[in-house]
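**Student:** Structure file entry_25.txt (compact mmCIF, C-alpha atoms) right here:
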# COMPACT_ATOMS: atom_id res chain seq x y z
CA MET C 1 -13.53 -5.37 -19.71
CA PRO C 2 -15.86 -2.52 -18.77
CA SER C 3 -17.87 -0.84 -21.49
CA HIS C 4 -16.36 2.54 -20.56
CA SER C 5 -12.70 3.44 -20.89
CA PRO C 6 -10.69 5.13 -18.10
CA ASP C 7 -10.85 8.34 -20.14
CA THR C 8 -14.67 8.27 -20.15
CA PRO C 9 -15.68 7.04 -16.69
CA SER C 10 -19.23 5.88 -16.27
CA PRO C 11 -21.57 7.65 -13.82
CA GLU C 12 -21.31 4.60 -11.55
CA TRP C 13 -17.50 4.79 -11.44
CA ARG C 14 -17.67 8.49 -10.70
CA LYS C 15 -20.22 7.92 -7.93
CA ALA C 16 -18.00 5.30 -6.30
CA ALA C 17 -14.96 7.58 -6.57
CA ASP C 18 -16.92 10.47 -5.05
CA ALA C 19 -18.00 8.34 -2.09
CA LEU C 20 -14.42 7.33 -1.31
CA TRP C 21 -13.16 10.89 -1.86
CA ASP C 22 -15.78 12.36 0.48
CA ALA C 23 -15.09 9.71 3.14
CA GLU C 24 -11.39 10.56 3.23
CA ARG C 25 -12.01 14.28 3.49
CA SER C 26 -14.83 14.11 6.03
CA GLY C 27 -13.17 11.50 8.22
CA THR C 28 -16.35 9.41 8.10
CA PRO C 29 -16.12 6.00 6.39
CA CYS C 30 -18.61 5.24 3.64
CA PRO C 31 -20.53 2.06 2.80
CA ALA C 32 -18.87 -0.46 0.51
CA VAL C 33 -18.82 0.62 -3.14
CA ARG C 34 -19.00 -2.84 -4.71
CA ASP C 35 -22.73 -2.54 -5.43
CA GLN C 36 -21.97 0.47 -7.66
CA LEU C 37 -19.54 -1.53 -9.82
CA PRO C 38 -20.04 -4.58 -12.05
CA ALA C 39 -19.62 -7.77 -10.04
CA ALA C 40 -15.97 -8.84 -9.79
CA ASP C 41 -14.97 -6.22 -12.40
CA VAL C 42 -11.49 -5.39 -11.15
CA SER C 43 -10.72 -3.28 -14.21
CA ALA C 44 -13.63 -0.98 -13.32
CA ALA C 45 -12.32 -0.76 -9.75
CA TYR C 46 -8.90 0.32 -11.04
CA CYS C 47 -10.64 3.03 -13.06
CA VAL C 48 -12.25 4.30 -9.85
CA GLN C 49 -8.84 4.26 -8.17
CA ARG C 50 -7.36 6.23 -11.06
CA ILE C 51 -10.05 8.92 -10.82
CA ASN C 52 -9.11 9.78 -7.25
CA VAL C 53 -5.34 9.47 -7.77
CA GLU C 54 -5.60 11.91 -10.67
CA ARG C 55 -7.69 14.26 -8.49
CA LYS C 56 -4.92 14.32 -5.90
CA VAL C 57 -2.21 14.88 -8.50
CA ALA C 58 -4.26 17.73 -9.99
CA GLN C 59 -4.34 19.29 -6.51
CA GLY C 60 -0.54 19.15 -6.20
CA SER C 61 0.27 15.64 -4.97
CA ARG C 62 3.17 13.81 -6.61
CA LEU C 63 3.16 10.14 -7.61
CA VAL C 64 6.30 8.47 -6.19
CA GLY C 65 5.62 4.77 -6.64
CA ARG C 66 3.24 1.89 -6.04
CA LYS C 67 2.26 -0.53 -3.31
CA ILE C 68 1.40 -4.18 -3.77
CA GLY C 69 -1.36 -5.75 -1.70
CA LEU C 70 -2.89 -9.20 -1.28
CA THR C 71 0.48 -10.95 -1.45
CA SER C 72 -0.50 -13.40 1.29
CA PRO C 73 -2.12 -16.66 0.08
CA ALA C 74 -4.35 -16.66 3.17
CA VAL C 75 -5.70 -13.19 2.39
CA GLN C 76 -6.17 -14.08 -1.29
CA GLN C 77 -8.20 -17.12 -0.25
CA GLN C 78 -10.27 -14.96 2.11
CA LEU C 79 -11.23 -12.60 -0.72
CA GLY C 80 -11.54 -15.33 -3.35
CA VAL C 81 -8.76 -14.02 -5.62
CA ASP C 82 -5.66 -15.56 -7.12
CA GLN C 83 -3.45 -12.52 -7.64
CA PRO C 84 -2.29 -9.40 -5.82
CA ASP C 85 -3.52 -5.86 -6.36
CA PHE C 86 -1.77 -2.48 -6.40
CA GLY C 87 -2.27 1.13 -5.37
CA ALA C 88 -0.52 4.45 -5.84
CA LEU C 89 2.01 6.01 -3.46
CA LEU C 90 2.01 9.80 -3.28
CA ALA C 91 4.72 11.96 -1.74
CA ASP C 92 2.36 13.38 0.89
CA MET C 93 1.71 9.84 2.16
CA ALA C 94 5.32 9.50 3.38
CA VAL C 95 6.02 9.66 7.13
CA PRO C 96 9.63 10.01 8.33
CA ASP C 97 11.27 7.12 10.18
CA GLY C 98 10.53 7.64 13.87
CA GLY C 99 7.73 10.10 13.13
CA THR C 100 4.27 10.27 14.65
CA VAL C 101 0.99 10.09 12.73
CA PRO C 102 -1.38 12.82 13.95
CA HIS C 103 -4.63 11.66 15.50
CA GLY C 104 -7.42 11.84 12.93
CA ARG C 105 -5.11 11.74 9.91
CA LEU C 106 -6.49 8.29 9.03
CA LEU C 107 -9.86 6.66 9.53
CA GLN C 108 -9.21 3.01 10.47
CA PRO C 109 -5.44 2.48 10.40
CA LYS C 110 -3.63 -0.83 10.50
CA ILE C 111 0.10 -1.43 10.06
CA GLU C 112 2.32 -4.03 8.41
CA ALA C 113 6.05 -4.40 7.76
CA GLU C 114 7.52 -5.09 4.35
CA VAL C 115 10.43 -4.68 1.97
CA ALA C 116 10.62 -1.53 -0.16
CA LEU C 117 12.52 -1.42 -3.44
CA VAL C 118 13.72 1.80 -5.09
CA LEU C 119 14.32 1.67 -8.83
CA ALA C 120 17.28 3.03 -10.77
CA ALA C 121 15.82 2.12 -14.18
CA ASP C 122 12.44 1.81 -15.90
CA LEU C 123 10.66 -1.55 -16.13
CA PRO C 124 8.76 -1.18 -19.43
CA HIS C 125 8.14 -4.80 -20.44
CA ALA C 126 4.81 -6.58 -20.05
CA GLU C 127 6.73 -9.83 -19.52
CA THR C 128 9.14 -8.66 -16.84
CA THR C 129 11.62 -11.20 -15.47
CA VAL C 130 13.37 -11.47 -12.12
CA ALA C 131 16.59 -10.57 -13.91
CA ASP C 132 14.95 -7.37 -15.19
CA VAL C 133 13.96 -6.43 -11.66
CA LEU C 134 17.39 -7.23 -10.23
CA ARG C 135 19.03 -4.98 -12.82
CA ALA C 136 16.53 -2.17 -12.26
CA VAL C 137 16.56 -2.04 -8.45
CA ASP C 138 18.94 0.50 -6.95
CA PHE C 139 18.51 -0.58 -3.32
CA ALA C 140 16.14 -2.07 -0.75
CA LEU C 141 14.85 -0.50 2.47
CA PRO C 142 12.80 -1.67 5.44
CA ALA C 143 9.30 -0.21 5.26
CA LEU C 144 6.10 0.13 7.23
CA GLU C 145 2.85 0.47 5.37
CA ILE C 146 0.04 2.06 7.33
CA VAL C 147 -3.02 0.78 5.54
CA ASP C 148 -6.43 2.40 5.88
CA SER C 149 -9.92 1.91 4.56
CA ARG C 150 -12.40 4.57 3.64
CA ILE C 151 -15.09 1.87 3.87
CA GLU C 152 -17.03 1.26 7.08
CA GLY C 153 -15.62 -1.47 9.28
CA TRP C 154 -13.18 -2.73 6.63
CA ASP C 155 -16.17 -4.45 4.99
CA ILE C 156 -14.30 -4.95 1.72
CA SER C 157 -14.27 -7.22 -1.29
CA LEU C 158 -11.55 -7.18 -3.94
CA VAL C 159 -13.27 -4.45 -5.96
CA ASP C 160 -13.74 -2.33 -2.82
CA THR C 161 -10.07 -2.38 -1.86
CA VAL C 162 -8.86 -1.83 -5.43
CA ALA C 163 -11.22 1.13 -5.90
CA ASP C 164 -9.99 2.49 -2.55
CA ASN C 165 -6.37 2.70 -3.78
CA ALA C 166 -5.66 -0.81 -2.45
CA SER C 167 -6.54 0.43 1.05
CA SER C 168 -3.47 2.67 1.12
CA GLY C 169 -2.89 5.15 3.92
CA LEU C 170 0.67 6.22 4.67
CA PHE C 171 4.13 4.67 4.47
CA VAL C 172 7.45 4.87 6.28
CA LEU C 173 10.83 4.13 4.70
CA GLY C 174 14.08 3.31 6.47
CA GLY C 175 17.08 5.52 5.84
CA THR C 176 19.92 3.08 5.10
CA PRO C 177 19.84 1.73 1.53
CA VAL C 178 20.98 -1.86 1.01
CA PRO C 179 21.99 -3.10 -2.47
CA LEU C 180 20.33 -6.41 -3.35
CA LYS C 181 23.66 -8.21 -3.62
CA TYR C 182 23.97 -7.90 0.17
CA VAL C 183 20.58 -9.36 1.14
CA ASP C 184 18.53 -12.46 0.27
CA LEU C 185 15.02 -11.00 0.21
CA ARG C 186 13.35 -14.40 0.43
CA ALA C 187 15.21 -15.14 3.68
CA VAL C 188 14.52 -11.79 5.38
CA ARG C 189 13.07 -12.29 8.86
CA MET C 190 10.63 -9.67 10.12
CA ARG C 191 9.48 -8.86 13.66
CA LEU C 192 6.93 -6.12 14.38
CA ILE C 193 6.89 -4.80 17.95
CA ARG C 194 4.09 -2.69 19.43
CA ASP C 195 4.89 -0.98 22.74
CA GLY C 196 7.53 -3.59 23.54
CA GLU C 197 5.48 -6.67 22.55
CA GLU C 198 5.80 -8.68 19.34
CA VAL C 199 2.54 -8.51 17.41
CA SER C 200 3.52 -9.84 13.96
CA HIS C 201 6.33 -11.78 12.36
CA GLY C 202 7.15 -13.43 9.04
CA THR C 203 9.73 -13.83 6.32
CA GLY C 204 10.33 -12.70 2.77
CA ALA C 205 9.03 -16.07 1.61
CA ASP C 206 5.60 -15.11 3.01
CA CYS C 207 5.30 -12.46 0.26
CA LEU C 208 4.52 -14.47 -2.91
CA ASP C 209 7.50 -16.70 -2.00
CA SER C 210 9.78 -13.65 -2.42
CA PRO C 211 9.35 -9.87 -2.61
CA LEU C 212 11.07 -10.11 -6.00
CA ASN C 213 8.13 -12.15 -7.32
CA ALA C 214 5.76 -9.43 -6.16
CA ALA C 215 7.85 -6.80 -7.95
CA VAL C 216 7.84 -8.87 -11.16
CA TRP C 217 4.04 -9.14 -11.01
CA LEU C 218 3.64 -5.39 -10.47
CA ALA C 219 6.08 -4.41 -13.22
CA SER C 220 4.44 -6.74 -15.73
CA THR C 221 0.92 -5.63 -14.80
CA LEU C 222 1.65 -1.91 -15.00
CA ALA C 223 3.58 -2.25 -18.26
CA ALA C 224 0.67 -4.16 -19.80
CA MET C 225 -1.63 -1.31 -18.72
CA GLY C 226 0.63 1.24 -20.42
CA ASP C 227 1.78 2.85 -17.16
CA PRO C 228 5.11 1.17 -16.35
CA LEU C 229 7.29 1.57 -13.29
CA ARG C 230 9.91 4.29 -13.74
CA ALA C 231 13.39 5.03 -12.41
CA GLY C 232 13.08 6.56 -8.96
CA ASP C 233 9.82 4.80 -8.12
CA VAL C 234 9.33 3.30 -4.66
CA VAL C 235 7.75 -0.15 -4.64
CA LEU C 236 6.26 -1.53 -1.43
CA THR C 237 6.33 -5.23 -2.17
CA GLY C 238 3.76 -6.51 0.32
CA ALA C 239 3.38 -7.56 3.93
CA LEU C 240 5.73 -10.13 5.46
CA GLY C 241 3.28 -10.88 8.27
CA PRO C 242 -0.26 -10.16 9.47
CA MET C 243 -1.35 -6.54 9.67
CA VAL C 244 -2.06 -5.11 13.12
CA THR C 245 -4.51 -2.44 14.25
CA ALA C 246 -2.79 0.85 15.02
CA LEU C 247 -4.28 2.22 18.24
CA PRO C 248 -3.92 5.85 19.36
CA GLY C 249 -0.85 6.33 21.54
CA SER C 250 0.91 3.18 20.34
CA ARG C 251 4.42 3.00 18.91
CA PHE C 252 5.75 0.38 16.51
CA GLU C 253 9.20 -0.83 15.58
CA ALA C 254 9.94 -3.39 12.87
CA THR C 255 13.23 -5.16 12.36
CA LEU C 256 14.02 -6.84 9.04
CA SER C 257 17.16 -8.96 9.02
CA GLY C 258 19.74 -7.66 6.59
CA LEU C 259 17.84 -4.39 6.12
CA GLY C 260 17.66 -2.78 9.55
CA SER C 261 14.84 -1.37 11.65
CA ILE C 262 12.15 1.26 11.28
CA ARG C 263 9.79 3.03 13.68
CA VAL C 264 6.56 5.04 13.77
CA GLY C 265 4.10 6.21 16.40
CA PHE C 266 0.44 7.21 16.54
CA ALA C 267 -0.59 10.26 18.50
CA PRO C 268 -2.96 9.72 21.43
CA VAL C 269 -6.52 10.96 21.39
CA PRO C 270 -6.39 14.66 22.28
CA ASP C 271 -7.56 15.66 25.73
CA ARG C 272 -10.27 18.14 24.73
CA LYS C 273 -10.89 19.27 28.31
CA ALA C 274 -7.21 20.11 28.81
CA GLU C 275 -7.18 22.00 25.52
CA GLN C 276 -10.12 24.13 26.65
CA GLN C 277 -8.50 25.15 29.95
Show this structure as structure tokens.
**Tutor:**
Amino acid sequence: MPSHSPDTPSPEWRKAADALWDAERSGTPCPAVRDQLPAADVSAAYCVQRINVERKVAQGSRLVGRKIGLTSPAVQQQLGVDQPDFGALLADMAVPDGGTVPHGRLLQPKIEAEVALVLAADLPHAETTVADVLRAVDFALPALEIVDSRIEGWDISLVDTVADNASSGLFVLGGTPVPLKYVDLRAVRMRLIRDGEEVSHGTGADCLDSPLNAAVWLASTLAAMGDPLRAGDVVLTGALGPMVTALPGSRFEATLSGLGSIRVGFAPVPDRKAEQQ
């Protein structure tokens, strides 16, 4: 554990948080922050994440849930970790189904399709079970997570992505809720289409063998940290297939069997000459 508590952040944590904060606001990615944090100290990275989430809340943002990352065994192996990570979802990160992300809103966006769960009850136990999650979930939705990195070239380690709010950007939720009794989340089949061409696919089993397992991990982890999931929270459970770069002018549609489809677009690069005429 770090020598400083989250309530008394060290100068190094604050410096890392400031770098990520400034990168987001300037639109210019910053160098990796891992050299400013103790090696492999994930708890310190979560403290950096918390600093910037609390800054946004203090400025009027509203916490609406959490996202789970690193649910793919291949990605875990790439980063040398054996568990997922999480980040915060804020209300101003939500994009409507079928909406368009303005050019310049994000720095280095990529997109992935996943299952979202919306809770009807708190999950306060540090040893959460699948049964606890099943009882707490109100409904599932198809979701798109638009991930982003404030760090140059996505040059990230585990502590970099955790500090950077688990590389969160924006998210899109479908509009037709599906109770869990009507869908087998492990068997969900996902296809992600970009401009008419399939660019990613997978199943619910590709997310920690089931999105429910990811939700159990998140609920247990947050409860143990004293900040449990609450009724009304949105939980993005993790990618069902590889993430794809989101290029200006492209449009995406994901279909998730049993849950429906969801769409989002990315505005093209503005024509500055035309704007000046």
**Student:** For Leu170 of chain C, please output as a list in words all residues within 9 Å (counting only C-alpha atoms; exclusion window: fewer than 5 positions along the same chain).
**Tutor:**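 Final neighbour list, sorted by chain and number: Leu89, Leu90, Asp92, Met93, Ala94, Val95, Val101, Leu106, Leu144, Glu145, Ile146, Val147 and Asp148 of chain C.
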**Student:** Taking into account all atoms listed in the file, which residue in the set C:Arg272, C:Arg135, C:His201, C:Arg25 is nearest to Lys181 of chain C?
**Tutor:**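 Nearest to Lys181 of chain C: C:Arg135.
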**Student:** Each residue of segment 3-112 of chain C lying at most 8 Å from segment 160-169 of chain C should get a row with its shortest atom-to-atom pair and the distance in Å to one decimal, counting only C-alpha atoms; could you produce that, ordered by chain and increasing number, as a tab-separated table?
**Tutor:**
residue	atom	partner	partner_atom	distance
C:Ala16	CA	C:Ala163	CA	8.0
C:Ala17	CA	C:Ala163	CA	7.5
C:Leu20	CA	C:Asp164	CA	6.7
C:Ala32	CA	C:Asp160	CA	6.4
C:Val33	CA	C:Asp160	CA	5.9
C:Arg34	CA	C:Asp160	CA	5.6
C:Val42	CA	C:Val162	CA	7.2
C:Ala45	CA	C:Ala163	CA	4.4
C:Tyr46	CA	C:Ala163	CA	5.7
C:Cys47	CA	C:Ala163	CA	7.4
C:Val48	CA	C:Ala163	CA	5.2
C:Gln49	CA	C:Ala163	CA	4.5
C:Val53	CA	C:Asn165	CA	7.9
C:Lys67	CA	C:Ser168	CA	7.9
C:Ile68	CA	C:Ala166	CA	7.9
C:Gly69	CA	C:Ala166	CA	6.6
C:Asp85	CA	C:Ala166	CA	6.7
C:Phe86	CA	C:Ala166	CA	5.8
C:Gly87	CA	C:Asn165	CA	4.7
C:Ala88	CA	C:Asn165	CA	6.4
C:Leu89	CA	C:Ser168	CA	7.9
C:Met93	CA	C:Gly169	CA	6.8
C:Leu106	CA	C:Gly169	CA	7.0
C:Pro109	CA	C:Gly169	CA	7.5
**Student:** Which residues are near Gly98 of chain C? Cut-off 12 Å, all atoms listed in the file, ignore same chain within fewer than 2 positions. Put them as a compact mmCIF listing (two decimals) with C-alpha atoms, in the coordinates of the input.
**Tutor:**
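Printed below is selection_20.txt as written:
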# COMPACT_ATOMS: atom_id res chain seq x y z
CA ALA C 94 5.32 9.50 3.38
CA VAL C 95 6.02 9.66 7.13
CA PRO C 96 9.63 10.01 8.33
CA THR C 100 4.27 10.27 14.65
CA VAL C 101 0.99 10.09 12.73
CA ALA C 143 9.30 -0.21 5.26
CA LEU C 144 6.10 0.13 7.23
CA PHE C 171 4.13 4.67 4.47
CA VAL C 172 7.45 4.87 6.28
CA LEU C 173 10.83 4.13 4.70
CA GLY C 174 14.08 3.31 6.47
CA GLY C 175 17.08 5.52 5.84
CA ARG C 251 4.42 3.00 18.91
CA PHE C 252 5.75 0.38 16.51
CA GLU C 253 9.20 -0.83 15.58
CA ALA C 254 9.94 -3.39 12.87
CA SER C 261 14.84 -1.37 11.65
CA ILE C 262 12.15 1.26 11.28
CA ARG C 263 9.79 3.03 13.68
CA VAL C 264 6.56 5.04 13.77
CA GLY C 265 4.10 6.21 16.40
CA PHE C 266 0.44 7.21 16.54
**Student:** Got a sec: who's within 12 Å of Thr129 of chain C, counting all atoms listed in the file, leaving out chain neighbours fewer than 5 positions off, as a JSON list (two decimals) with C-alpha atoms, keeping the file's coordinate frame?
**Tutor:**
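Output contents, as saved in around_28.json:
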[["chain", "number", "residue", "atom", "x", "y", "z"],
["C", 123, "LEU", "CA", 10.66, -1.55, -16.13],
["C", 124, "PRO", "CA", 8.76, -1.18, -19.43],
["C", 134, "LEU", "CA", 17.39, -7.23, -10.23],
["C", 135, "ARG", "CA", 19.03, -4.98, -12.82],
["C", 136, "ALA", "CA", 16.53, -2.17, -12.26],
["C", 212, "LEU", "CA", 11.07, -10.11, -6.00],
["C", 213, "ASN", "CA", 8.13, -12.15, -7.32],
["C", 214, "ALA", "CA", 5.76, -9.43, -6.16],
["C", 215, "ALA", "CA", 7.85, -6.80, -7.95],
["C", 216, "VAL", "CA", 7.84, -8.87, -11.16],
["C", 217, "TRP", "CA", 4.04, -9.14, -11.01],
["C", 218, "LEU", "CA", 3.64, -5.39, -10.47],
["C", 219, "ALA", "CA", 6.08, -4.41, -13.22],
["C", 220, "SER", "CA", 4.44, -6.74, -15.73]]
**Student:** What is the distance, in Å and to one decimal place, between atom CA of Ala246 of chain C and atom CA of Lys110 of chain C?
**Tutor:** 4.9 Å
**Student:** Using all atoms listed in the file, which residue out of C:Ser210, C:Thr28, C:Ser157, C:Asn52 lies closest to Ser72 of chain C?
**Tutor:**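 Going through C:Ser210, C:Thr28, C:Ser157, C:Asn52 one by one, the smallest distance to Ser72 of chain C is for C:Ser210.
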**Student:** Which centre and edge lengths in Å to one decimal define the box along x, y and z that fits every listed atom of segment 193-196 of chain C plus 8 Å per side, as JSON?
**Tutor:**
{"center_x": 5.8, "center_y": -2.9, "center_z": 20.7, "size_x": 19.4, "size_y": 19.8, "size_z": 21.6}
**Student:** Excluding Pro31 of chain C and residues on its chain fewer than 2 positions from it, collect all residues at most 9 Å away from it, counting all atoms listed in the file, and give them as JSON, numbers by chain.
**Tutor:** {"C": [19, 29, 33, 150, 151, 152, 153, 155]}
**Student:** Select, from C:Pro268, C:Gly202, C:Gly226, C:Pro142, the residue with the minimum atom-to-atom distance to Leu256 of chain C, counting only C-alpha atoms.
**Tutor:**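 Counting only C-alpha atoms, the residue closest to Leu256 of chain C is C:Pro142.
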**Student:** Let me make sure I understand: among C:Asp41, C:Asp195, C:Glu127, C:Asp206, which one has the smallest atom-to-atom distance to Leu70 of chain C if we use all atoms listed in the file?
**Tutor:** C:Asp206
**Student:** I need every residue sitting at most 7 Å from the point (7.9, 0.5, -17.4) (coordinates as in the file, all atoms listed in the file considered), written as a PyMOL selection string.
**Tutor:** chain C and resi 122-125+219+223+227-230
**Student:** May I have the residues from that selection written out with C-alpha atoms, as a short mmCIF file (atom, residue, chain, number, x, y, z; two decimals), keeping the file's coordinate frame?
**Tutor:**
data_model
loop_
_atom_site.label_atom_id
_atom_site.label_comp_id
_atom_site.auth_asym_id
_atom_site.auth_seq_id
_atom_site.Cartn_x
_atom_site.Cartn_y
_atom_site.Cartn_z
CA ASP C 122 12.44 1.81 -15.90
CA LEU C 123 10.66 -1.55 -16.13
CA PRO C 124 8.76 -1.18 -19.43
CA HIS C 125 8.14 -4.80 -20.44
CA ALA C 219 6.08 -4.41 -13.22
CA ALA C 223 3.58 -2.25 -18.26
CA ASP C 227 1.78 2.85 -17.16
CA PRO C 228 5.11 1.17 -16.35
CA LEU C 229 7.29 1.57 -13.29
CA ARG C 230 9.91 4.29 -13.74
#
**Student:** Could you check the closest approach to Thr237 of chain C for each of C:Leu180, C:Val64, C:Val118, C:Ala187 and tell me which residue wins, using all atoms listed in the file?
**Tutor:**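 Of all the options, C:Val118 lies closest to Thr237 of chain C.
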**Student:** Under the rule that only C-alpha atoms are counted, which of C:Leu240, C:Ala131, C:Val188, C:Val183 is the nearest residue to Ser200 of chain C?
**Tutor:**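 Nearest to Ser200 of chain C: C:Leu240.
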**Student:** Between atom CA of Ser26 of chain C and atom CA of Val244 of chain C, what distance in Å does the model show, to one decimal?
**Tutor:**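 It comes out at 24.1 Å.
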**Student:** Identify the residues around (0.4, -6.1, 3.7) within a radius of 6 Å, measuring from only C-alpha atoms in the coordinates stated by the file, and give them as a PDB file with C-alpha atoms, keeping the file's coordinate frame.
**Tutor:**
ATOM      1  CA  GLY C  69      -1.360  -5.750  -1.700  1.00  0.00           C
ATOM      2  CA  GLU C 112       2.320  -4.030   8.410  1.00  0.00           C
ATOM      3  CA  GLY C 238       3.760  -6.510   0.320  1.00  0.00           C
ATOM      4  CA  ALA C 239       3.380  -7.560   3.930  1.00  0.00           C
TER       5      ALA C 239
END
